[in-house]
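For reference, start.txt (compact mmCIF, C-alpha atoms):
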# COMPACT_ATOMS: atom_id res chain seq x y z
CA MET A 1 -73.67 -28.15 -30.26
CA VAL A 2 -71.36 -26.48 -32.80
CA ALA A 3 -71.69 -22.83 -33.76
CA LEU A 4 -70.47 -21.80 -37.19
CA LEU A 5 -69.89 -18.15 -38.00
CA VAL A 6 -71.52 -17.05 -41.26
CA ARG A 7 -70.65 -13.68 -42.79
CA HIS A 8 -73.38 -11.85 -44.67
CA LEU A 9 -72.40 -11.41 -48.35
CA SER A 10 -74.39 -8.28 -49.17
CA ALA A 11 -75.88 -5.24 -47.48
CA GLN A 12 -79.16 -6.04 -49.30
CA GLN A 13 -82.00 -7.94 -47.61
CA GLY A 14 -81.56 -11.66 -48.32
CA LEU A 15 -81.52 -15.22 -47.05
CA LEU A 16 -78.82 -17.64 -46.04
CA VAL A 17 -79.66 -21.20 -47.01
CA GLY A 18 -77.79 -24.16 -45.56
CA ARG A 19 -78.13 -27.82 -46.51
CA SER A 20 -76.82 -30.76 -44.52
CA LEU A 21 -75.65 -34.12 -45.89
CA ASP A 22 -78.88 -35.77 -44.76
CA GLY A 23 -80.90 -33.41 -46.96
CA GLY A 24 -82.08 -31.09 -44.20
CA THR A 25 -82.24 -27.41 -45.13
CA GLY A 26 -82.17 -24.30 -42.97
CA VAL A 27 -83.20 -20.85 -44.18
CA LEU A 28 -82.22 -17.81 -42.11
CA PRO A 29 -83.41 -14.27 -42.93
CA VAL A 30 -80.61 -11.71 -43.12
CA GLY A 31 -81.40 -8.06 -42.44
CA ALA A 32 -79.59 -5.15 -44.06
CA ASP A 33 -77.91 -4.19 -40.78
CA GLU A 34 -76.77 -7.71 -39.86
CA GLN A 35 -73.13 -8.49 -40.59
CA VAL A 36 -72.56 -11.74 -38.69
CA MET A 37 -74.90 -14.58 -37.78
CA ASN A 38 -74.47 -17.81 -35.87
CA CYS A 39 -75.76 -21.04 -37.30
CA HIS A 40 -76.08 -23.85 -34.74
CA LEU A 41 -75.80 -27.42 -35.98
CA GLU A 42 -76.97 -29.96 -33.43
CA ASP A 43 -76.29 -33.67 -32.91
CA LEU A 44 -73.04 -33.76 -34.88
CA LYS A 45 -70.90 -36.85 -34.41
CA LEU A 46 -67.17 -37.31 -33.90
CA LEU A 47 -65.06 -38.94 -36.63
CA THR A 48 -67.55 -37.86 -39.32
CA ASP A 49 -66.92 -35.69 -42.38
CA TYR A 50 -69.44 -32.88 -42.81
CA ILE A 51 -69.98 -30.69 -45.88
CA ILE A 52 -71.95 -27.48 -45.50
CA ASN A 53 -73.41 -25.52 -48.38
CA VAL A 54 -74.00 -21.88 -47.40
CA THR A 55 -75.95 -19.90 -50.00
CA ALA A 56 -76.64 -16.18 -49.84
CA VAL A 57 -79.67 -15.04 -51.84
CA ASN A 58 -80.61 -11.39 -52.45
CA SER A 59 -81.79 -9.03 -55.19
CA LEU A 60 -78.36 -9.22 -56.86
CA GLY A 61 -78.54 -13.01 -57.20
CA SER A 62 -77.06 -15.78 -55.13
CA SER A 63 -73.69 -17.12 -54.14
CA SER A 64 -72.84 -20.54 -52.69
CA ASN A 65 -69.86 -21.81 -50.78
CA PHE A 66 -69.13 -25.41 -49.78
CA THR A 67 -67.07 -26.03 -46.66
CA SER A 68 -66.07 -29.39 -45.23
CA PHE A 69 -64.94 -30.17 -41.71
CA MET A 70 -64.66 -32.78 -38.99
CA LEU A 71 -65.44 -31.76 -35.42
CA GLU A 72 -62.00 -32.94 -34.36
CA ASP A 73 -60.34 -30.48 -36.76
CA ILE A 74 -62.18 -27.35 -35.63
CA VAL A 75 -61.87 -27.76 -31.86
CA LYS A 76 -60.49 -24.64 -30.18
CA PRO A 77 -60.99 -24.38 -26.43
CA ASP A 78 -61.17 -21.06 -24.65
CA PRO A 79 -58.09 -20.03 -22.63
CA PRO A 80 -57.64 -21.26 -19.06
CA VAL A 81 -58.98 -19.00 -16.29
CA ASP A 82 -58.22 -18.11 -12.67
CA MET A 83 -54.48 -18.13 -13.25
CA ARG A 84 -52.30 -17.66 -10.18
CA VAL A 85 -48.52 -17.32 -10.11
CA SER A 86 -46.59 -17.20 -6.84
CA PRO A 87 -42.93 -17.46 -5.81
CA VAL A 88 -42.14 -20.72 -3.99
CA GLY A 89 -38.72 -21.52 -2.65
CA PHE A 90 -35.59 -20.12 -4.26
CA LYS A 91 -35.76 -19.21 -7.99
CA LYS A 92 -39.11 -20.98 -8.48
CA LEU A 93 -42.66 -20.02 -9.40
CA LEU A 94 -45.81 -22.05 -8.86
CA VAL A 95 -48.26 -21.58 -11.77
CA GLU A 96 -51.86 -22.72 -11.23
CA TRP A 97 -55.01 -22.30 -13.33
CA ALA A 98 -58.49 -23.67 -13.96
CA PRO A 99 -59.79 -25.13 -17.22
CA PRO A 100 -62.05 -22.87 -19.29
CA PRO A 101 -65.60 -22.97 -17.89
CA THR A 102 -66.95 -23.31 -21.45
CA TRP A 103 -65.24 -26.70 -21.85
CA SER A 104 -67.69 -29.27 -20.51
CA ASN A 105 -67.09 -32.98 -19.95
CA LEU A 106 -63.43 -32.88 -18.96
CA ASP A 107 -63.73 -36.57 -18.07
CA ILE A 108 -64.63 -37.43 -21.67
CA PHE A 109 -62.65 -34.70 -23.47
CA PRO A 110 -59.63 -33.82 -21.30
CA LEU A 111 -57.34 -30.88 -22.03
CA LYS A 112 -53.59 -30.40 -21.98
CA TYR A 113 -51.82 -27.10 -21.42
CA GLN A 114 -48.76 -25.14 -22.50
CA ILE A 115 -47.04 -22.46 -20.46
CA GLN A 116 -45.28 -19.42 -21.85
CA TYR A 117 -43.20 -17.04 -19.80
CA GLN A 118 -41.37 -13.92 -20.91
CA TRP A 119 -38.89 -11.43 -19.52
CA GLU A 120 -36.69 -8.64 -20.81
CA THR A 121 -32.90 -8.59 -20.80
CA ARG A 122 -31.28 -5.31 -21.82
CA GLY A 123 -34.39 -4.35 -23.80
CA THR A 124 -34.67 -7.71 -25.62
CA LYS A 125 -37.75 -9.82 -24.94
CA ARG A 126 -37.06 -13.50 -24.22
CA THR A 127 -39.76 -16.18 -24.39
CA VAL A 128 -39.81 -19.79 -23.18
CA GLN A 129 -42.64 -22.22 -23.95
CA LEU A 130 -43.06 -25.40 -21.92
CA GLY A 131 -45.40 -28.35 -22.09
CA PRO A 132 -47.73 -29.86 -22.80
CA TYR A 133 -48.91 -30.65 -19.28
CA GLU A 134 -52.03 -32.63 -18.38
CA ASN A 135 -52.49 -31.14 -14.91
CA SER A 136 -53.37 -27.54 -14.01
CA ARG A 137 -50.36 -26.79 -11.85
CA VAL A 138 -46.68 -26.49 -12.79
CA GLU A 139 -43.58 -25.39 -10.93
CA LEU A 140 -41.11 -23.31 -12.96
CA LYS A 141 -37.55 -23.80 -11.71
CA GLY A 142 -34.16 -22.20 -12.28
CA LEU A 143 -35.46 -18.66 -12.71
CA THR A 144 -33.43 -15.52 -12.02
CA THR A 145 -33.95 -13.54 -8.82
CA ASP A 146 -34.99 -9.88 -9.05
CA ARG A 147 -36.37 -10.47 -12.56
CA THR A 148 -39.99 -9.82 -13.58
CA TYR A 149 -41.74 -12.54 -15.59
CA MET A 150 -44.99 -12.46 -17.57
CA VAL A 151 -46.64 -15.91 -17.41
CA GLN A 152 -49.48 -17.21 -19.62
CA VAL A 153 -51.19 -20.58 -20.25
CA CYS A 154 -53.10 -21.96 -23.24
CA SER A 155 -55.26 -25.08 -23.52
CA MET A 156 -55.73 -27.70 -26.22
CA GLU A 157 -57.58 -30.95 -26.69
CA LEU A 158 -55.60 -33.82 -25.11
CA LEU A 159 -54.92 -35.68 -28.37
CA GLY A 160 -53.76 -32.47 -30.09
CA LEU A 161 -56.80 -32.24 -32.36
CA GLY A 162 -57.88 -28.79 -33.52
CA GLU A 163 -56.17 -25.61 -32.39
CA CYS A 164 -54.60 -24.35 -29.22
CA SER A 165 -56.64 -21.70 -27.40
CA SER A 166 -55.57 -18.11 -27.27
CA TRP A 167 -53.14 -17.37 -24.45
CA SER A 168 -54.65 -16.56 -21.05
CA ASN A 169 -54.34 -13.10 -19.59
CA ALA A 170 -50.73 -12.55 -18.52
CA VAL A 171 -49.78 -12.60 -14.85
CA LYS A 172 -46.77 -10.47 -13.92
CA VAL A 173 -44.57 -11.60 -11.02
CA THR A 174 -41.06 -10.77 -9.78
CA ILE A 175 -38.76 -13.41 -8.28
CA PRO A 176 -37.65 -12.00 -4.91
CA LYS A 177 -33.97 -11.70 -3.95
CA GLN A 178 -32.79 -14.32 -1.49
CA GLY A 179 -32.12 -12.63 1.78
How would this structure read if it were set down as structure tokens?
Amino acid sequence: MVALLVRHLSAQQGLLVGRSLDGGTGVLPVGADEQVMNCHLEDLKLLTDYIINVTAVNSLGSSSNFTSFMLEDIVKPDPPVDMRVSPVGFKKLLVEWAPPPTWSNLDIFPLKYQIQYQWETRGTKRTVQLGPYENSRVELKGLTTDRTYMVQVCSMELLGLGECSSWSNAVKVTIPKQG
């Protein structure tokens, strides 16, 4: 199921009318206090172009907008969850995470991941991005002892279709001194 976000065009009472390529029409009432609605389109197919006509109708008239898309182009997974970062060995961190729970059918639609880690040197923020990786565990090597790193992970569809997720919540970890 795909959810499309529809913004209400007027504060007046009205209707949103949508028409699919197969001629089906959906009419949704829009109240004066409603600003955002979700429209769920079911049984959409991969590798298919879709055109949606969204029409807002109210006492001021009507306004239509056509939007086209393919499912593959609008894919955006949620960020990975349950991220753990721990020092392992000398100058290394083990980064582990779980795929987003909202992403079903990993066997059919696998994900790949990117890692971003940051640190500050004399007040200047440095950032390194690595990946993509197909597994949910990566060892970062060659890091500096006694330095604090902020580590994040994002997910994307394996073939690179659509967009990368937002970055996960950052995990802060300090590489211990050898001693």
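For the set A:Gln129, A:Asp82, A:Glu157, A:Leu41, the residue with the smallest atom-to-atom gap to Ser104 of chain A is A:Glu157, counting all atoms listed in the file.
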Using only C-alpha atoms, find the one residue out of A:Asn65, A:Val171, A:Lys92, A:Ile51 that sits nearest to Tyr117 of chain A.
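Among the listed residues, A:Val171 lies closest to Tyr117 of chain A.
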Exercise: Gly142 of chain A partners within 10 Å, all atoms listed in the file, chain neighbours under 3 positions left out, as a ChimeraX atom specification:
/A:90-93,145
Given only C-alpha atoms as the basis, pick out the residue of A:Asp49, A:Asp146, A:Glu134, A:Glu139 nearest to Leu159 of chain A.
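Once distances to Leu159 of chain A are computed over only C-alpha atoms, the minimum belongs to A:Glu134.
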Got a sec: who's within 8 Å of Val85 of chain A, counting all atoms listed in the file, leaving out chain neighbours fewer than 2 positions off, as a VMD selection string?
chain A and resid 83 87 93 to 96 151 171 173
Draw an axis-aligned box over all listed atoms of segment 127-132 of chain A, pad each side with 4 Å, and write its centre and edge lengths in Å, one decimal, as JSON.
{"center_x": -43.7, "center_y": -23.0, "center_z": -23.2, "size_x": 16.0, "size_y": 21.7, "size_z": 10.5}
For Lys141 of chain A, the nearest of the candidates A:Gln118, A:Ile108, A:Gly89, A:Phe66, counting only C-alpha atoms:
A:Gly89
Kindly indicate which residue among A:Thr121, A:Gly160, A:Pro99, A:Asp107 lies nearest to Asp78 of chain A, using all atoms listed in the file for the distances.
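Checking each candidate against Asp78 of chain A, we get A:Pro99 as the closest.
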Compile the contact shell of Gln116 of chain A as a PyMOL selection string: residues with an atom at most 8 Å away, counting only C-alpha atoms, same-chain residues fewer than 3 positions apart removed.
chain A and resi 127-130+151-153
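Contact shell of Thr48 of chain A at 8 Å (all atoms listed in the file; same-chain neighbours under 2 positions omitted): Lys45, Leu46, Tyr50, Met70 and Leu71 of chain A.
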Give me a file of those residues, with C-alpha atoms, as a PDB file, in the coordinates of the input.
ATOM      1  CA  LYS A  45     -70.900 -36.850 -34.410  1.00  0.00           C
ATOM      2  CA  LEU A  46     -67.170 -37.310 -33.900  1.00  0.00           C
ATOM      3  CA  TYR A  50     -69.440 -32.880 -42.810  1.00  0.00           C
ATOM      4  CA  MET A  70     -64.660 -32.780 -38.990  1.00  0.00           C
ATOM      5  CA  LEU A  71     -65.440 -31.760 -35.420  1.00  0.00           C
TER       6      LEU A  71
END
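Nearest-residue note for Pro132 of chain A: choosing from A:Asn53, A:Ser68, A:Thr144, A:Gln114, the minimum distance belongs to A:Gln114, counting all atoms listed in the file.
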Please identify all polymer residues within 8 Å of Tyr113 of chain A, counting all atoms listed in the file, omitting same-chain residues fewer than 5 positions from it, and present them as JSON, numbers by chain.
{"A": [131, 132, 133, 134, 135, 136, 153, 154, 155, 156]}
Å distance separating atom CA of Ile175 of chain A from atom CA of Ser86 of chain A, one decimal place:
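We find that atom CA of Ile175 of chain A and atom CA of Ser86 of chain A lie 8.8 Å from each other.
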